[in-house]
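Working notes, beginning with the structure itself.
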Amino acid sequence: MEKITALSADEIAEITAEASHYEQPQAASIEALKIVQKYRGWVSDESVKAVAQLLNMSPAELDGVATFYNLIFRRPVGKHVIMLCDSVSCWIMGCEGVGAQLRNKLGIEFGETTADGQFTLLPVTCQGACDRAPVMLVDGELETHLDEDKITAILANQK
Amino acid sequence: METPLTQNIGPGKLPLNLQEYRAAGGYRAAHKALLEMESKDILQLLQDANLRGRGGAGFPTGMKWSFVPMYKDREERPKYLVINADEMEPGTFKDRLLMEGDPHQLIEGIIISAYTLQAEVAYIFIRGEYQRSADLLNQAITECKAQGLLGTNIMHSRFNLDIFVHTSAGRYICGEETALLNSLEGKRATPRAKPPFPQVSGLWGRPTVVNNVETICNVPHIVNKGAAWYKSLSLTEDAGTKIFGVSGRVRNPGAWELPMGTPVREIIENYAGGMQDGYKLRGFLPGGGSTNFLTQEHLDLHMDYTSIGKAGSRLGTGTMIILDDKTCPVGMVRNLEHFFAQESCGWCTPCRDGLPWVEHILTEFEHGRGEIEDMEVLTRHTHLLGPGNTFCAHAPGAMGPLESALRYFREDFEAHIHSKSCPWTGIRGSHK
């Protein structure tokens, strides 16, 4: 097998450990993409090729997986990723207003990254915290009971 | 009132570690099952207890397991148990409570269930955002391995089991059991044709059982206390307790373990504290975003599979979403159809193309551009995308809230058309 240079030794070790849990290494594909993303922030074409080789898949097949799932980023994202829940309970509790505040304060639309590279804003589906709506994830951490004051405080803390 | 599933869970209480869980009576059921019971005895016990799947469909668990081939020599062919912890049904937040609150309860349930099915590997398929749940489960697994509760020759029973936590990356369709299996195999999560059913040919073609978190958490308690006790927990024919939840404009949104069959009104008024000041209840989705609306006239129904089914909806996940009088019903359905359109896997045409069209029409209503003919188009879609016309249950589920909203809130749809605006938001139509 050709030596894989596009992945670090740590990435290869972690992916190989995940792959050992399954009859077929391909089953580790989501975990592998997430490992790459943990180290690099997103998944580049080079990373897709290298991971596919490691898991004995074609790059096209792995890209089919990478593009299917909402939490795998195939484009660079900002230092912080904000994901606002737009599903039904959060909608009833006012997530559209919260979204407008976020867009306004950050000066970007959903799907965009601020010019300074600090924040990417994305919508996300129900987070299973509907009793604490509206909610969002900031770098994977759940923030609940959102209102204008809370949004201001959260953004100030991330700078 | 007994609350077996949440007995170790409380607000602000940290989950029990292995030692604490054992001190609270934990792993006694696993010990009893593995050392004193045959696989077939446990299967019979679950059938007698009438445990039904808590993921949404309510399929009898014992019957589901009875389709798995049992081998004389367990080396013959691997089998798998997969826990569906991909909680993504809009408005649902019950499995998170169980995994974050008492991870060892789920692990114990998996040990007993896997022993019953003769499966030596189990995967917990968990949504990517539930990182805390995944961390706690991995911690519990590590503790169990160190104490001989997982791995080879568990509790000297000669039964071997490994459990792996498999984190996903966010797609609702992964909750569909055959799409989940494709996802677990590292493929795009499109559903598979049935038959063959997973119990015969599932993960990598091996016999596989997929069960929801809450379902499996019931298993240790049934083994400990028996089928008669389990049935006695319920107020109605459907057995056990259920984690019920309420979200929306109520005073105290949350989730509570209550007897199966607790009346809707009691859950909303006594536990969720009733509606917030200034809000009235107009309707509710009884068990998540893919269940049909019910209204005030249904408040005295028992929350169980049978009663809610008879009223034309589904118990689903048992976590209700309340529609209040200051929220536009058309807007609420639009929000739901946006979700379902986005989460369609794209495999079959009616779902892939029909759901965005439904969303588009509802968006037109919200902008005051709905026309009377659109009512007919929406109604037609509830049939075109209904049961039997699509590859899996995704689109039929999406049609539940739409079909029932057209029935119960018809005047609200028509008000959008006649006033050329949304009566709630005031957004007026501008012709394109």
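Ligands are numbered from 1 in the order shown, chains are lettered A, B, ... in the order of the structure tokens, and residues start at 1 in each chain.
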
**Prompt:** For chain A, which residues have at least one atom within 10 Å of chain B, if we go by only C-alpha atoms? Write them as a PyMOL selection string, please.
**Reply:** chain A and resi 18+21-31+33-34+55+57+61-72+86-93+124-133+137+140-142

Mind writing the picked residues with C-alpha atoms as a PDB file, in the first residue's frame?
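Resulting contents of result-v4.pdb:
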```pdb
ATOM      1  CA  GLU A  18     -11.912   3.039  15.331  1.00  0.00           C
ATOM      2  CA  HIS A  21     -14.383  -2.139  16.034  1.00  0.00           C
ATOM      3  CA  TYR A  22     -16.014  -3.406  12.853  1.00  0.00           C
ATOM      4  CA  GLU A  23     -16.078  -6.315  10.402  1.00  0.00           C
ATOM      5  CA  GLN A  24     -15.274  -3.828   7.623  1.00  0.00           C
ATOM      6  CA  PRO A  25     -13.026  -0.767   8.051  1.00  0.00           C
ATOM      7  CA  GLN A  26     -15.426   1.340   5.969  1.00  0.00           C
ATOM      8  CA  ALA A  27     -17.782   1.378   8.984  1.00  0.00           C
ATOM      9  CA  ALA A  28     -15.378   3.828  10.612  1.00  0.00           C
ATOM     10  CA  SER A  29     -15.846   6.381   7.837  1.00  0.00           C
ATOM     11  CA  ILE A  30     -17.876   8.941   9.799  1.00  0.00           C
ATOM     12  CA  GLU A  31     -15.585   8.608  12.814  1.00  0.00           C
ATOM     13  CA  LEU A  33     -13.914  12.150   8.911  1.00  0.00           C
ATOM     14  CA  LYS A  34     -14.652  13.536  12.372  1.00  0.00           C
ATOM     15  CA  LEU A  55     -10.449   2.546   4.885  1.00  0.00           C
ATOM     16  CA  MET A  57     -12.944   2.749  -0.131  1.00  0.00           C
ATOM     17  CA  GLU A  61     -17.790   6.675  -2.046  1.00  0.00           C
ATOM     18  CA  LEU A  62     -16.308   8.390   1.014  1.00  0.00           C
ATOM     19  CA  ASP A  63     -17.258  11.804  -0.356  1.00  0.00           C
ATOM     20  CA  GLY A  64     -20.801  10.472  -0.714  1.00  0.00           C
ATOM     21  CA  VAL A  65     -20.706   9.836   3.029  1.00  0.00           C
ATOM     22  CA  ALA A  66     -18.976  13.131   3.848  1.00  0.00           C
ATOM     23  CA  THR A  67     -21.560  15.191   1.993  1.00  0.00           C
ATOM     24  CA  PHE A  68     -24.523  13.262   3.394  1.00  0.00           C
ATOM     25  CA  TYR A  69     -24.048  14.264   7.032  1.00  0.00           C
ATOM     26  CA  ASN A  70     -24.670  17.726   8.455  1.00  0.00           C
ATOM     27  CA  LEU A  71     -21.755  17.770  10.892  1.00  0.00           C
ATOM     28  CA  ILE A  72     -18.993  17.049   8.357  1.00  0.00           C
ATOM     29  CA  ASP A  86     -34.486  25.805  13.715  1.00  0.00           C
ATOM     30  CA  SER A  87     -36.782  22.847  14.473  1.00  0.00           C
ATOM     31  CA  VAL A  88     -40.325  23.041  15.720  1.00  0.00           C
ATOM     32  CA  SER A  89     -40.082  23.608  19.498  1.00  0.00           C
ATOM     33  CA  CYS A  90     -37.337  26.201  19.112  1.00  0.00           C
ATOM     34  CA  TRP A  91     -39.357  27.831  16.328  1.00  0.00           C
ATOM     35  CA  ILE A  92     -42.405  28.132  18.606  1.00  0.00           C
ATOM     36  CA  MET A  93     -40.172  29.626  21.298  1.00  0.00           C
ATOM     37  CA  VAL A 124     -29.145  22.767  12.756  1.00  0.00           C
ATOM     38  CA  THR A 125     -32.061  20.391  13.415  1.00  0.00           C
ATOM     39  CA  CYS A 126     -33.661  19.549  16.762  1.00  0.00           C
ATOM     40  CA  GLN A 127     -31.012  19.139  19.472  1.00  0.00           C
ATOM     41  CA  GLY A 128     -33.146  17.172  21.922  1.00  0.00           C
ATOM     42  CA  ALA A 129     -33.246  20.023  24.433  1.00  0.00           C
ATOM     43  CA  CYS A 130     -36.749  21.251  23.563  1.00  0.00           C
ATOM     44  CA  ASP A 131     -37.620  21.924  27.206  1.00  0.00           C
ATOM     45  CA  ARG A 132     -34.878  24.585  27.225  1.00  0.00           C
ATOM     46  CA  ALA A 133     -35.704  26.197  23.837  1.00  0.00           C
ATOM     47  CA  LEU A 137     -24.483  24.763  19.776  1.00  0.00           C
ATOM     48  CA  GLY A 140     -20.480  21.614  20.128  1.00  0.00           C
ATOM     49  CA  GLU A 141     -21.480  23.015  23.528  1.00  0.00           C
ATOM     50  CA  LEU A 142     -25.206  23.407  24.123  1.00  0.00           C
TER      51      LEU A 142
END
```

**Message:** Please identify the alpha helix (DSSP H) residues within chain A (assignment by DSSP from backbone atoms) and present them as a PyMOL selection string.
**Reply:** chain A and resi 9-19+29-40+45-54+59-66+88-92+95-106+148-158

**Request:** Find the residue from A:Leu106, A:Ala9, A:Ala115, A:Ala100 that sits nearest to A:Asp147; use only C-alpha atoms when measuring.
**Result:** A:Ala100

**Request:** Just the strand (DSSP E or B) stuff from chain A, please, per backbone DSSP, written as a PyMOL selection string.
**Result:** chain A and resi 80-85+113+119-124+136-138+141-143

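Between atom CA of A:Asp45 and atom CA of A:Gly107 the separation is 29.2 Å.
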
Quick one: residues within 7 Å of B:Ile216, only C-alpha atoms counted, chain neighbours fewer than 3 positions away excluded, as a JSON list (two decimals) with all heavy atoms, in the first residue's frame?
```json
[["chain", "number", "residue", "atom", "x", "y", "z"],
["B", 106, "LEU", "N", -28.43, 1.71, 30.83],
["B", 106, "LEU", "CA", -28.46, 1.29, 29.42],
["B", 106, "LEU", "C", -27.47, 0.15, 29.18],
["B", 106, "LEU", "O", -27.79, -0.82, 28.50],
["B", 106, "LEU", "CB", -28.16, 2.48, 28.50],
["B", 106, "LEU", "CG", -28.10, 2.17, 27.00],
["B", 106, "LEU", "CD1", -29.41, 1.58, 26.49],
["B", 106, "LEU", "CD2", -27.73, 3.42, 26.20],
["B", 109, "GLY", "N", -28.89, -3.02, 30.43],
["B", 109, "GLY", "CA", -29.93, -3.48, 29.50],
["B", 109, "GLY", "C", -29.32, -4.13, 28.27],
["B", 109, "GLY", "O", -29.83, -5.15, 27.78],
["B", 110, "ILE", "N", -28.24, -3.56, 27.78],
["B", 110, "ILE", "CA", -27.58, -4.12, 26.59],
["B", 110, "ILE", "C", -27.00, -5.50, 26.90],
["B", 110, "ILE", "O", -27.11, -6.44, 26.10],
["B", 110, "ILE", "CB", -26.48, -3.16, 26.07],
["B", 110, "ILE", "CG1", -27.10, -1.86, 25.58],
["B", 110, "ILE", "CG2", -25.67, -3.82, 24.96],
["B", 110, "ILE", "CD1", -26.09, -0.78, 25.22],
["B", 211, "ASN", "N", -32.86, -1.61, 18.56],
["B", 211, "ASN", "CA", -33.84, -1.15, 19.54],
["B", 211, "ASN", "C", -33.49, 0.23, 20.06],
["B", 211, "ASN", "O", -32.32, 0.59, 20.16],
["B", 211, "ASN", "CB", -33.92, -2.11, 20.74],
["B", 211, "ASN", "CG", -34.89, -3.26, 20.54],
["B", 211, "ASN", "OD1", -34.55, -4.42, 20.69],
["B", 211, "ASN", "ND2", -36.12, -2.92, 20.18],
["B", 212, "ASN", "N", -34.52, 0.95, 20.45],
["B", 212, "ASN", "CA", -34.36, 2.29, 21.01],
["B", 212, "ASN", "C", -33.78, 2.23, 22.44],
["B", 212, "ASN", "O", -33.95, 1.24, 23.16],
["B", 212, "ASN", "CB", -35.75, 2.96, 21.02],
["B", 212, "ASN", "CG", -35.80, 4.24, 21.80],
["B", 212, "ASN", "OD1", -36.26, 4.27, 22.93],
["B", 212, "ASN", "ND2", -35.30, 5.30, 21.22],
["B", 213, "VAL", "N", -33.13, 3.30, 22.84],
["B", 213, "VAL", "CA", -32.51, 3.42, 24.17],
["B", 213, "VAL", "C", -33.51, 3.11, 25.29],
["B", 213, "VAL", "O", -33.25, 2.29, 26.19],
["B", 213, "VAL", "CB", -31.95, 4.85, 24.38],
["B", 213, "VAL", "CG1", -31.55, 5.09, 25.82],
["B", 213, "VAL", "CG2", -30.77, 5.10, 23.45],
["B", 219, "VAL", "N", -35.38, -3.31, 30.19],
["B", 219, "VAL", "CA", -35.12, -4.74, 30.29],
["B", 219, "VAL", "C", -34.63, -5.18, 31.68],
["B", 219, "VAL", "O", -35.17, -6.14, 32.25],
["B", 219, "VAL", "CB", -34.18, -5.20, 29.15],
["B", 219, "VAL", "CG1", -33.74, -6.65, 29.35],
["B", 219, "VAL", "CG2", -34.86, -5.02, 27.80]]
```

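Note that the spacing between atom CA of B:Arg410 and atom CA of B:Arg352 amounts to 26.0 Å.
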
**Message:** Restricting the calculation to only C-alpha atoms: of A:Ala13, A:Ala19, A:Ala6, A:Leu121, which residue gets closest to A:Asn56?
**Reply:**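 Between A:Ala13, A:Ala19, A:Ala6, A:Leu121, the residue approaching A:Asn56 most closely is A:Ala19.
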
**Prompt:** Leaving out B:Lys310 and any residue of its chain fewer than 4 positions from it, which residues lie within 12 Å of it when counting only C-alpha atoms, given as a list in words?
**Reply:** Asn292, Leu294, His298, Leu301, His302, Met303, Asp304, Tyr305, Thr306, Arg314 and Leu315 of chain B

**Request:** Find the residues around B:Asn153 up to 12 Å (only C-alpha atoms counted), leave out those fewer than 4 positions away in its own chain, and share them as a PyMOL selection string.
**Result:** chain B and resi 34-35+115+120+145+147-149+157-162

**Request:** Find the spatial neighbours of B:Gly53, counting only C-alpha atoms, within a cut-off of 9 Å - ignore same-chain residues fewer than 3 positions away - and output them as a PyMOL selection string.
**Result:** chain B and resi 56-61+211-212+214-216

**Distance in Å - atom CA of B:Pro396 versus atom CA of B:Ser66** =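 Calculated distance between atom CA of B:Pro396 and atom CA of B:Ser66 is 27.5 Å.
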